[in-house]
$ cat coords-v3.txt   # compact mmCIF, C-alpha atoms and all ligand atoms
# COMPACT_ATOMS: atom_id res chain seq x y z
CA MET A 23 181.35 -42.07 -85.28
CA GLU A 24 182.56 -44.63 -82.76
CA THR A 25 185.54 -46.58 -83.92
CA GLY A 26 184.48 -49.75 -82.11
CA LYS A 27 181.39 -50.19 -84.25
CA SER A 28 181.16 -53.24 -86.44
CA GLY A 29 181.07 -52.83 -90.19
CA SER A 30 177.54 -54.19 -90.43
CA ASP A 31 176.10 -51.35 -88.40
CA PRO A 32 174.61 -48.77 -90.73
CA GLY A 33 174.85 -45.98 -88.16
CA PRO A 34 171.14 -45.21 -87.87
CA SER A 35 171.47 -42.13 -85.66
CA HIS A 36 172.90 -40.03 -88.44
CA GLU A 37 170.18 -41.00 -90.89
CA SER A 38 167.34 -40.30 -88.48
CA ASP A 39 168.86 -36.89 -87.74
CA GLN A 40 168.73 -36.22 -91.45
CA ILE A 41 165.07 -37.25 -91.72
CA GLU A 42 164.15 -35.14 -88.71
CA GLU A 43 165.93 -32.17 -90.20
CA ASP A 44 164.04 -32.64 -93.48
CA SER A 45 160.65 -32.74 -91.78
CA ILE A 46 161.42 -29.66 -89.68
CA HIS A 47 162.44 -27.92 -92.88
CA ARG A 48 159.12 -28.91 -94.51
CA GLU A 49 157.09 -27.61 -91.55
CA VAL A 50 158.90 -24.28 -91.66
CA LEU A 51 158.14 -24.00 -95.39
CA LYS A 52 154.44 -24.80 -94.85
CA GLN A 53 154.10 -22.10 -92.23
CA GLN A 54 155.98 -19.68 -94.42
CA LEU A 55 153.63 -20.35 -97.33
CA LYS A 56 150.53 -19.82 -95.18
CA ASP A 57 151.87 -16.47 -93.99
CA ALA A 58 152.82 -15.55 -97.54
CA LEU A 59 149.24 -16.28 -98.69
CA VAL A 60 147.77 -14.00 -96.02
CA TYR A 61 150.18 -11.28 -97.04
CA PHE A 62 149.42 -11.89 -100.73
CA GLU A 63 145.69 -11.35 -100.09
CA SER A 64 146.36 -8.16 -98.19
CA LEU A 65 148.46 -6.88 -101.09
CA LEU A 66 145.61 -7.58 -103.53
CA ARG A 67 143.13 -5.87 -101.23
CA ASN A 68 145.35 -2.82 -100.83
CA SER A 69 145.54 -2.56 -104.59
CA ASN A 70 141.74 -2.77 -104.71
CA LEU A 71 141.83 -5.93 -106.83
CA ILE A 72 139.68 -8.24 -104.67
CA GLU A 73 136.60 -8.17 -102.46
CA ALA A 74 136.98 -8.72 -98.76
CA GLU A 75 134.51 -11.67 -98.68
CA PRO A 76 134.05 -14.61 -101.10
CA SER A 77 130.73 -15.39 -102.90
CA SER A 78 128.53 -18.16 -101.56
CA SER A 79 129.48 -20.56 -104.39
CA LEU A 80 132.32 -21.15 -106.88
CA ASN A 81 131.56 -20.95 -110.59
CA GLU A 82 133.54 -22.79 -113.27
CA GLU A 83 135.54 -19.79 -114.42
CA THR A 84 136.59 -19.09 -110.86
CA MET A 85 137.84 -22.64 -110.53
CA VAL A 86 139.87 -22.37 -113.73
CA ILE A 87 141.50 -19.19 -112.44
CA GLY A 88 142.12 -20.82 -109.08
CA GLU A 89 143.70 -23.89 -110.65
CA GLU A 90 145.98 -21.76 -112.76
CA MET A 91 147.09 -19.83 -109.71
CA PHE A 92 147.66 -23.13 -107.94
CA GLN A 93 149.80 -24.47 -110.79
CA ASN A 94 151.80 -21.25 -110.93
CA THR A 95 152.37 -21.46 -107.21
CA LEU A 96 153.58 -25.05 -107.48
CA GLU A 97 156.02 -24.01 -110.18
CA MET A 98 157.18 -21.09 -108.13
CA LEU A 99 157.69 -23.32 -105.11
CA ALA A 100 159.63 -25.83 -107.14
CA GLU A 101 161.88 -23.05 -108.30
CA LYS A 102 162.22 -21.73 -104.80
CA SER A 103 163.15 -25.09 -103.36
CA LEU A 104 165.82 -25.37 -106.00
CA VAL A 105 167.23 -21.98 -105.23
CA LEU A 106 167.10 -22.66 -101.51
CA ASP A 107 168.80 -25.98 -102.02
CA GLU A 108 171.66 -25.94 -99.57
CA GLU A 109 173.87 -27.36 -102.26
CA LEU A 110 173.51 -24.17 -104.22
CA THR A 111 173.79 -21.53 -101.55
CA ASP A 112 176.46 -22.48 -99.19
CA ILE A 113 178.93 -20.38 -97.31
CA ASN A 114 181.75 -22.25 -99.06
CA GLU A 115 180.58 -20.64 -102.28
CA ILE A 116 182.86 -17.73 -101.57
CA ASP A 117 185.87 -19.98 -101.38
CA ASP A 118 184.93 -21.67 -104.60
CA SER A 119 184.47 -18.44 -106.48
CA SER A 120 187.90 -17.18 -105.56
CA ALA A 121 189.52 -20.32 -106.97
CA TYR A 122 190.10 -18.63 -110.29
CA GLU A 123 192.12 -15.87 -108.79
CA GLU A 124 194.20 -18.27 -106.78
CA VAL A 125 195.06 -20.10 -109.94
CA GLU A 126 195.98 -16.89 -111.67
CA THR A 127 198.15 -15.65 -108.86
CA SER A 128 200.06 -18.88 -108.73
CA LEU A 129 200.62 -18.70 -112.45
CA ILE A 130 201.90 -15.15 -112.27
CA ALA A 131 204.20 -16.23 -109.49
CA ASN A 132 205.90 -18.93 -111.49
CA GLU A 133 206.22 -16.61 -114.52
CA SER A 134 205.87 -19.41 -117.01
CA SER A 135 204.99 -17.72 -120.29
CA ASP A 136 203.58 -20.99 -121.54
CA GLU A 137 200.87 -20.79 -118.95
CA TYR A 138 199.92 -17.15 -118.60
CA GLU A 139 199.26 -14.23 -120.93
CA PRO A 140 197.74 -11.36 -118.96
CA ASP A 141 197.22 -8.91 -121.82
CA GLU A 142 195.45 -11.41 -123.96
CA LYS A 143 193.19 -12.23 -121.07
CA LYS A 144 192.21 -8.61 -120.44
CA LYS A 145 191.36 -8.08 -124.07
CA LYS A 146 189.14 -11.14 -124.08
CA ARG A 147 187.41 -10.12 -120.91
CA CYS A 148 186.05 -6.98 -122.57
CA GLN A 149 184.98 -8.87 -125.61
CA TYR A 150 183.06 -11.30 -123.52
CA GLN A 151 181.18 -8.66 -121.57
CA SER A 152 180.19 -6.71 -124.64
CA THR A 153 178.48 -9.72 -126.12
CA PHE A 154 176.83 -11.03 -123.02
CA ASN A 155 173.30 -9.89 -123.77
CA ARG A 156 173.19 -11.54 -127.14
CA PRO A 157 171.77 -15.03 -127.47
CA LEU A 158 174.70 -17.29 -126.83
CA THR A 159 174.05 -19.93 -129.42
CA GLU A 160 172.28 -20.25 -132.70
CA LYS A 161 169.33 -22.53 -132.34
CA GLY A 162 170.38 -26.14 -132.31
CA SER A 163 174.10 -25.48 -132.13
CA LYS A 164 176.23 -27.02 -129.44
CA ALA A 165 177.60 -25.29 -126.36
CA VAL A 166 180.22 -26.64 -124.02
CA LEU A 167 181.70 -25.40 -120.77
CA VAL A 168 185.19 -26.47 -119.98
CA ASN A 169 186.52 -26.11 -116.54
CA ARG A 170 189.43 -27.11 -114.43
CA HIS A 171 189.20 -28.12 -110.87
CA ASP A 172 192.11 -28.20 -108.47
CA ILE A 173 191.97 -30.88 -105.87
CA ASN A 174 194.17 -30.38 -102.87
CA LYS A 175 192.90 -32.75 -100.25
CA VAL A 176 195.07 -35.60 -101.46
CA THR A 177 198.78 -36.06 -100.95
CA HIS A 178 199.56 -34.97 -104.50
CA SER A 179 197.95 -31.90 -105.97
CA TYR A 180 196.22 -32.64 -109.24
CA THR A 181 193.69 -31.20 -111.65
CA ALA A 182 190.59 -32.87 -112.98
CA GLN A 183 189.03 -31.29 -116.01
CA TYR A 184 185.48 -31.98 -117.10
CA SER A 185 183.42 -30.58 -119.95
CA ILE A 186 179.68 -30.18 -119.59
CA THR A 187 177.33 -29.37 -122.44
CA MET A 188 174.29 -27.16 -122.50
CA SER A 189 172.29 -30.23 -123.51
CA GLY A 190 173.15 -31.76 -120.15
CA ARG A 191 176.00 -34.12 -120.95
CA VAL A 192 179.33 -34.68 -119.26
CA LEU A 193 181.71 -35.43 -122.10
CA PRO A 194 184.13 -38.31 -121.92
CA PRO A 195 186.89 -38.58 -120.91
CA VAL A 196 187.81 -36.72 -117.73
CA PHE A 197 191.31 -35.30 -117.88
CA VAL A 198 193.45 -35.78 -114.80
CA CYS A 199 196.76 -33.97 -114.53
CA LEU A 200 199.04 -35.24 -111.77
CA GLN A 201 201.88 -33.31 -110.22
CA GLU A 202 205.30 -34.76 -111.09
CA THR A 203 208.50 -33.06 -109.95
CA THR A 204 210.12 -33.44 -113.35
CA GLY A 205 206.95 -32.69 -115.28
CA THR A 206 206.77 -36.10 -116.92
CA PHE A 207 206.40 -39.66 -115.69
CA GLY A 208 209.60 -41.69 -115.40
CA PRO A 209 209.65 -45.04 -117.25
CA ARG A 210 208.58 -47.05 -114.21
CA VAL A 211 205.78 -44.70 -113.27
CA GLN A 212 204.72 -44.53 -116.90
CA LYS A 213 204.25 -48.28 -116.90
CA THR A 214 201.97 -48.06 -113.86
CA VAL A 215 200.12 -45.12 -115.40
CA ASN A 216 199.54 -47.15 -118.55
CA GLU A 217 198.02 -49.89 -116.43
CA TYR A 218 195.75 -47.38 -114.71
CA ALA A 219 194.75 -45.95 -118.07
CA LYS A 220 193.72 -49.39 -119.26
CA LYS A 221 191.75 -50.07 -116.10
CA TYR A 222 190.12 -46.64 -115.77
CA SER A 223 189.38 -46.12 -119.42
CA ASN A 224 187.26 -42.99 -119.02
CA VAL A 225 190.23 -41.09 -117.56
CA VAL A 226 193.10 -39.57 -119.51
CA ILE A 227 196.10 -39.38 -117.21
CA THR A 228 198.68 -36.67 -117.78
CA SER A 229 201.28 -34.90 -115.69
CA SER A 230 203.00 -31.56 -115.24
CA LYS A 231 205.29 -29.94 -112.70
CA SER A 232 202.49 -27.97 -111.10
CA GLY A 233 199.75 -30.55 -111.41
CA LYS A 234 197.92 -28.05 -113.61
CA LEU A 235 197.34 -28.38 -117.32
CA THR A 236 199.90 -26.83 -119.65
CA THR A 237 198.96 -25.50 -123.07
CA GLY A 238 200.25 -28.69 -124.67
CA LEU A 239 198.15 -30.89 -122.40
CA TYR A 240 195.18 -28.65 -122.94
CA LYS A 241 195.46 -29.22 -126.68
CA ASP A 242 195.41 -32.96 -126.04
CA PHE A 243 192.33 -32.45 -123.98
CA LEU A 244 190.57 -30.54 -126.77
CA ARG A 245 191.48 -33.23 -129.24
CA ASN A 246 190.39 -36.13 -127.04
CA ALA A 247 187.38 -34.76 -125.20
CA LEU A 248 185.87 -32.01 -127.33
CA LYS A 249 186.64 -32.88 -130.91
CA PRO A 250 184.73 -36.21 -130.91
CA TYR A 251 181.65 -34.38 -129.60
CA VAL A 252 181.60 -31.25 -131.76
CA GLN A 253 183.15 -32.88 -134.85
CA ASN A 254 182.96 -30.42 -137.76
CA GLU A 255 179.94 -28.54 -136.49
CA LYS A 256 179.76 -24.98 -135.21
CA PHE A 257 179.74 -24.65 -131.46
CA LEU A 258 180.14 -22.23 -128.59
CA LEU A 259 182.86 -22.88 -126.05
CA LEU A 260 182.93 -21.25 -122.62
CA ILE A 261 186.22 -21.40 -120.79
CA ASP A 262 187.63 -19.75 -117.73
CA SER A 263 190.22 -17.05 -118.06
CA TRP A 264 193.39 -19.03 -117.90
CA GLY A 265 196.05 -17.68 -120.24
CA GLY A 266 197.10 -21.06 -121.54
CA GLN A 267 193.76 -21.62 -123.16
CA THR A 268 192.62 -18.16 -124.26
CA ASN A 269 194.51 -17.96 -127.53
CA PRO A 270 191.87 -18.09 -130.30
CA GLU A 271 194.33 -19.63 -132.77
CA LEU A 272 194.40 -22.74 -130.64
CA TYR A 273 190.73 -23.31 -131.44
CA ASP A 274 190.79 -22.11 -135.03
CA GLU A 275 193.44 -24.69 -135.82
CA MET A 276 191.81 -27.53 -133.96
CA PHE A 277 188.18 -27.02 -134.93
CA GLN A 278 187.44 -26.58 -138.61
CA ASP A 279 184.60 -27.54 -140.91
CA ASP A 280 184.97 -29.32 -144.25
CA LYS A 281 185.98 -26.05 -145.91
CA LYS A 282 188.71 -25.45 -143.31
CA LEU A 283 186.72 -22.62 -141.74
CA PRO A 284 186.86 -22.30 -137.95
CA THR A 285 183.82 -23.72 -136.16
CA CYS A 286 184.49 -22.70 -132.58
CA THR A 287 183.13 -19.51 -131.01
CA MET A 288 185.09 -19.17 -127.84
CA LYS A 289 183.96 -17.01 -124.92
CA ILE A 290 185.95 -16.47 -121.79
CA ILE A 291 184.39 -16.30 -118.36
CA PRO A 292 185.98 -13.30 -116.63
CA PRO A 293 187.39 -14.04 -113.16
CA LYS A 294 185.04 -11.61 -111.42
CA CYS A 295 181.97 -12.78 -113.26
CA THR A 296 180.67 -15.02 -110.48
CA PRO A 297 177.01 -14.01 -110.52
CA LEU A 298 176.75 -14.48 -114.26
CA VAL A 299 178.37 -17.69 -115.29
CA GLN A 300 180.16 -19.36 -112.47
CA PRO A 301 177.21 -21.18 -110.92
CA CYS A 302 177.43 -23.52 -113.86
CA ASP A 303 180.88 -24.46 -112.76
CA ILE A 304 180.13 -24.29 -109.08
CA TYR A 305 176.95 -26.31 -109.21
CA PHE A 306 178.48 -29.06 -111.27
CA TYR A 307 181.71 -29.23 -109.29
CA ARG A 308 179.82 -29.17 -106.05
CA GLN A 309 178.25 -32.43 -107.17
CA VAL A 310 181.65 -33.78 -108.15
CA LYS A 311 183.11 -32.76 -104.80
CA ASN A 312 180.16 -34.12 -102.90
CA LEU A 313 180.57 -37.53 -104.47
CA ILE A 314 184.32 -37.51 -103.77
CA LYS A 315 183.71 -36.45 -100.19
CA ARG A 316 181.13 -39.19 -99.71
CA LEU A 317 183.61 -41.75 -100.99
CA GLN A 318 186.61 -40.49 -99.03
CA ASN A 319 184.75 -39.94 -95.78
CA CYS A 320 182.41 -42.88 -95.76
CA ALA A 321 181.78 -44.65 -92.46
CA PHE A 322 183.32 -47.87 -93.74
CA LEU A 323 186.71 -46.14 -94.16
CA ILE A 324 186.52 -44.08 -90.98
CA GLU A 325 185.70 -47.12 -88.89
CA ARG A 326 188.79 -48.85 -90.25
CA ASP A 327 190.99 -45.78 -90.09
CA ARG A 328 191.60 -46.20 -93.78
CA GLU A 329 192.21 -43.41 -96.31
CA ILE A 330 191.89 -43.44 -100.06
CA ASN A 331 194.23 -40.78 -101.41
CA SER A 332 197.00 -42.52 -103.30
CA THR A 333 197.64 -41.64 -106.93
CA GLU A 334 195.65 -44.63 -108.04
CA ASN A 335 192.82 -43.62 -105.73
CA CYS A 336 192.70 -40.16 -107.33
CA ILE A 337 192.37 -41.68 -110.77
CA LYS A 338 189.92 -44.31 -109.64
CA ILE A 339 187.72 -41.74 -107.89
CA GLN A 340 187.62 -39.49 -110.95
CA SER A 341 186.76 -42.51 -113.04
CA ILE A 342 183.91 -43.40 -110.70
CA VAL A 343 182.67 -39.81 -110.54
CA HIS A 344 182.69 -39.53 -114.31
CA HIS A 345 180.94 -42.87 -114.65
CA MET A 346 178.22 -41.78 -112.22
CA LEU A 347 177.72 -38.19 -113.36
CA SER A 348 177.77 -38.80 -117.10
CA PHE A 349 174.61 -40.88 -116.94
CA PRO A 350 171.50 -39.17 -118.40
CA ILE A 351 169.72 -39.18 -115.03
CA PHE A 352 171.83 -36.08 -114.29
CA SER A 353 171.11 -34.30 -117.57
CA ASP A 354 168.46 -32.09 -116.03
CA MET A 355 170.79 -31.27 -113.15
CA ILE A 356 173.47 -30.14 -115.58
CA ARG A 357 170.93 -28.18 -117.58
CA PHE A 358 169.93 -26.53 -114.33
CA ALA A 359 173.54 -25.50 -113.82
CA TRP A 360 173.35 -23.60 -117.12
CA PHE A 361 169.98 -22.15 -116.19
CA THR A 362 171.16 -20.89 -112.85
CA SER A 363 174.01 -19.14 -114.65
CA ASN A 364 171.48 -17.25 -116.77
CA LEU A 365 172.80 -18.98 -119.85
CA THR A 366 169.58 -20.79 -120.71
CA ASN A 367 165.88 -20.68 -119.90
CA ASP A 368 165.79 -24.44 -119.70
CA ARG A 369 164.70 -25.40 -116.21
CA LYS A 370 163.29 -28.72 -115.10
CA PHE A 371 163.00 -30.70 -111.93
CA PHE A 372 166.19 -32.57 -111.36
CA PHE A 373 167.80 -35.02 -109.03
CA ASN A 374 171.18 -34.26 -107.56
CA VAL A 375 173.87 -36.68 -106.40
CA ASN A 376 172.46 -36.99 -102.88
CA LYS A 377 169.02 -37.89 -104.14
CA VAL A 378 170.16 -40.35 -106.79
CA CYS A 379 173.13 -42.04 -105.15
CA PHE A 380 172.43 -41.72 -101.45
CA PRO A 381 168.68 -42.09 -100.87
CA THR A 382 168.43 -42.61 -97.12
CA ASP A 383 165.39 -44.89 -97.25
CA THR A 384 166.97 -47.31 -99.74
CA LEU A 385 170.36 -47.37 -98.11
CA ARG A 386 168.87 -48.27 -94.75
CA ASN A 387 168.33 -51.85 -95.91
CA LYS A 388 171.11 -54.31 -95.34
CA TYR A 389 172.31 -56.69 -97.98
CA SER A 390 173.58 -60.20 -97.73
CA CYS A 391 177.26 -59.33 -98.01
CA LYS A 392 177.02 -58.13 -94.38
CA ASN A 393 178.28 -54.61 -94.98
CA ALA A 394 176.09 -51.56 -94.61
CA SER A 395 174.71 -50.28 -97.90
CA PHE A 396 176.66 -47.30 -99.07
CA ILE A 397 175.53 -46.10 -102.47
CA ARG A 398 173.04 -46.68 -105.24
CA CYS A 399 174.70 -46.89 -108.64
CA THR A 400 173.41 -44.19 -110.97
CA ARG A 401 173.37 -46.48 -113.96
CA CYS A 402 172.31 -49.98 -112.95
CA ARG A 403 170.53 -48.81 -109.76
CA ALA A 404 172.17 -51.55 -107.74
CA VAL A 405 172.56 -50.81 -104.04
CA LEU A 406 176.10 -51.59 -102.98
CA CYS A 407 178.33 -51.48 -99.93
CA PHE A 408 181.61 -49.57 -100.05
CA PRO A 409 183.89 -52.55 -100.75
CA CYS A 410 181.60 -53.83 -103.51
CA PHE A 411 181.27 -50.37 -105.03
CA HIS A 412 184.70 -48.80 -104.60
CA ASP A 413 187.21 -51.53 -103.81
CA ASN A 414 185.85 -53.89 -106.46
CA TYR A 415 185.54 -50.94 -108.86
CA HIS A 416 181.89 -51.43 -109.70
CA SER A 417 182.12 -48.79 -112.44
CA GLY A 418 184.32 -51.15 -114.42
CA SER A 419 181.80 -53.96 -114.40
CA CYS A 420 178.53 -52.05 -113.95
CA ASP A 421 175.91 -53.61 -116.08
CA ILE A 422 172.21 -53.51 -116.57
CA PRO A 423 170.35 -55.43 -115.19
CA ALA A 424 171.64 -54.59 -111.77
CA THR A 425 173.54 -56.99 -109.58
CA SER A 426 173.38 -55.67 -106.03
CA CYS A 427 175.77 -56.81 -103.32
CA HIS A 428 176.47 -60.51 -103.49
ZN ZN B 501 176.14 -49.94 -111.67
ZN ZN B 502 178.73 -55.54 -100.76
$ encode --input "coords-v3.txt" --output "structure tokens" --more "lines below"
Ligand SMILES: [Zn+2]
Ligand SMILES: [Zn+2]
Amino acid sequence: METGKSGSDPGPSHESDQIEEDSIHREVLKQQLKDALVYFESLLRNSNLIEAEPSSSLNEETMVIGEEMFQNTLEMLAEKSLVLDEELTDINEIDDSSAYEEVETSLIANESSDEYEPDEKKKKRCQYQSTFNRPLTEKGSKAVLVNRHDINKVTHSYTAQYSITMSGRVLPPVFVCLQETTGTFGPRVQKTVNEYAKKYSNVVITSSKSGKLTTGLYKDFLRNALKPYVQNEKFLLLIDSWGGQTNPELYDEMFQDDKKLPTCTMKIIPPKCTPLVQPCDIYFYRQVKNLIKRLQNCAFLIERDREINSTENCIKIQSIVHHMLSFPIFSDMIRFAWFTSNLTNDRKFFFNVNKVCFPTDTLRNKYSCKNASFIRCTRCRAVLCFPCFHDNYHSGSCDIPATSCH
């Protein structure tokens, strides 16, 4: 994008490219479906299931059959468009799926026994695989996926940890672990962190030497994020195979019913289990990353040669992402993440971040504050420019009914 452009210019060329691309995509699909139909008929004829020529008129039964086939086709197409969704099958997938191993290697390298227990992990891996074909939850019981996400694009490496439920929720709060050379915040930094924590109340801010969660911090996470959701009920917990969190005692102590019996069934996602369970993680985090990328690389910032990657920005961004993604409009998207991991049969149409937050037709309109529209808030549906949304921290004051840009 040209740097000389004024802030009020929405940059129409990019948007029209997008629309053109969409319509080309649709035309390709229409042609593909026509060809598929011709082929479908030839397959039926080869199997001697249909006549070569139709009758002169359609009777009622024929129409019922036809409508059913039509409905089935629509469903199949909906499914196909989901699977073809570029957000799901992307070349970067490979990079994402190797993230687990990178984490493991780095933990082996620093030899911290607090953070890595290889034997325990191997044992659990077998256990997980042997139970994979069983139904994962009793009917009505809760299931939660917990996953860490390392974010490297910023000046400090940090981890953001979210928990998503099979019912389609993103649990509060999001855990952010910042890298601190000494492992803990000094008194001055702690004061600032406390201020951030007050301001960004859906984020729990912690620190460690590596910027990754330690077992101690992980326990805090379980207590703060999971316990309020599962309470004393039985639930299934899926976690990735990081040594610091695979010890079953950790869960048996933390999660108990009224009779002091453990309530947590913990299953570990093996590192090489990508086709089975990881899409859940990948699909959800792709949405997280997409939103972060949209914020960090938005035209408003690029035009001003401005970057948002300070410590406060990290926390603020995670707060915004959590605020946006934890709204029920994304429930079906999160449920789809479980479905695409073969963990549920629950599939519905869903809207992803691009469709909900960045609808090109809506964002094309300008608003009276003179800046180009940037995003539509998931919750209040207000259309806002970047300064009104990010700089003024809309998530902190977001209210229904919507108040769009001033
Ligand atoms: Zn809002
Ligand atoms: Zn504005």
$ residues_near_ligand --input "coords-v3.txt" --ligand "ligand ZN 502 (chain B)" --cutoff "10 Å" --atoms "all atoms listed in the file" --output "ChimeraX atom specification"
/A:388-396,405-414,426-428
$ write_last_selection --input "coords-v3.txt" --atoms "C-alpha atoms" --output "PDB file, in the coordinates of the input"
ATOM      1  CA  LYS A 388     171.110 -54.310 -95.340  1.00  0.00           C
ATOM      2  CA  TYR A 389     172.310 -56.690 -97.980  1.00  0.00           C
ATOM      3  CA  SER A 390     173.580 -60.200 -97.730  1.00  0.00           C
ATOM      4  CA  CYS A 391     177.260 -59.330 -98.010  1.00  0.00           C
ATOM      5  CA  LYS A 392     177.020 -58.130 -94.380  1.00  0.00           C
ATOM      6  CA  ASN A 393     178.280 -54.610 -94.980  1.00  0.00           C
ATOM      7  CA  ALA A 394     176.090 -51.560 -94.610  1.00  0.00           C
ATOM      8  CA  SER A 395     174.710 -50.280 -97.900  1.00  0.00           C
ATOM      9  CA  PHE A 396     176.660 -47.300 -99.070  1.00  0.00           C
ATOM     10  CA  VAL A 405     172.560 -50.810-104.040  1.00  0.00           C
ATOM     11  CA  LEU A 406     176.100 -51.590-102.980  1.00  0.00           C
ATOM     12  CA  CYS A 407     178.330 -51.480 -99.930  1.00  0.00           C
ATOM     13  CA  PHE A 408     181.610 -49.570-100.050  1.00  0.00           C
ATOM     14  CA  PRO A 409     183.890 -52.550-100.750  1.00  0.00           C
ATOM     15  CA  CYS A 410     181.600 -53.830-103.510  1.00  0.00           C
ATOM     16  CA  PHE A 411     181.270 -50.370-105.030  1.00  0.00           C
ATOM     17  CA  HIS A 412     184.700 -48.800-104.600  1.00  0.00           C
ATOM     18  CA  ASP A 413     187.210 -51.530-103.810  1.00  0.00           C
ATOM     19  CA  ASN A 414     185.850 -53.890-106.460  1.00  0.00           C
ATOM     20  CA  SER A 426     173.380 -55.670-106.030  1.00  0.00           C
ATOM     21  CA  CYS A 427     175.770 -56.810-103.320  1.00  0.00           C
ATOM     22  CA  HIS A 428     176.470 -60.510-103.490  1.00  0.00           C
TER      23      HIS A 428
END
$ residues_near_ligand --input "coords-v3.txt" --ligand "ligand ZN 501 (chain B)" --cutoff "12 Å" --atoms "all atoms listed in the file" --output "PyMOL selection string"
chain A and resi 342+345-347+349+379+397-406+410-412+414-427
$ closest_residue --input "coords-v3.txt" --among "A:Glu325, A:Tyr251, A:Val375, A:Leu365" --to "Arg308 in chain A" --atoms "all atoms listed in the file"
A:Val375
$ residues_around --input "coords-v3.txt" --residues "Ile290 in chain A" --least-positions-apart "3" --cutoff "6 Å" --atoms "all atoms listed in the file" --output "list in words"
Leu260, Ile261, Asp262 and Ser263 of chain A
$ residues_around --input "coords-v3.txt" --residues "Arg328 in chain A" --least-positions-apart "6" --cutoff "12 Å" --atoms "all atoms listed in the file" --output "PDB file with C-alpha atoms, in the frame of the given file"
ATOM      1  CA  THR A  25     185.540 -46.580 -83.920  1.00  0.00           C
ATOM      2  CA  LEU A 317     183.610 -41.750-100.990  1.00  0.00           C
ATOM      3  CA  GLN A 318     186.610 -40.490 -99.030  1.00  0.00           C
ATOM      4  CA  ASN A 319     184.750 -39.940 -95.780  1.00  0.00           C
ATOM      5  CA  CYS A 320     182.410 -42.880 -95.760  1.00  0.00           C
ATOM      6  CA  ALA A 321     181.780 -44.650 -92.460  1.00  0.00           C
ATOM      7  CA  PHE A 322     183.320 -47.870 -93.740  1.00  0.00           C
TER       8      PHE A 322
END
$ atom_distance --input "coords-v3.txt" --atom1 "CA of Ala182 in chain A" --atom2 "CA of His344 in chain A"
10.4 Å
$ atom_distance --input "coords-v3.txt" --atom1 "CA of Val225 in chain A" --atom2 "CA of Lys338 in chain A"
8.6 Å
$ closest_residue --input "coords-v3.txt" --among "A:Ile72, A:Val211, A:Met288, A:Val378" --to "Leu259 in chain A" --atoms "all atoms listed in the file"
A:Met288
$ residues_around --input "coords-v3.txt" --residues "range 269-275 of chain A" --least-positions-apart "6" --cutoff "8 Å" --atoms "all atoms listed in the file" --output "ChimeraX atom specification"
/A:142,241,283-286,288
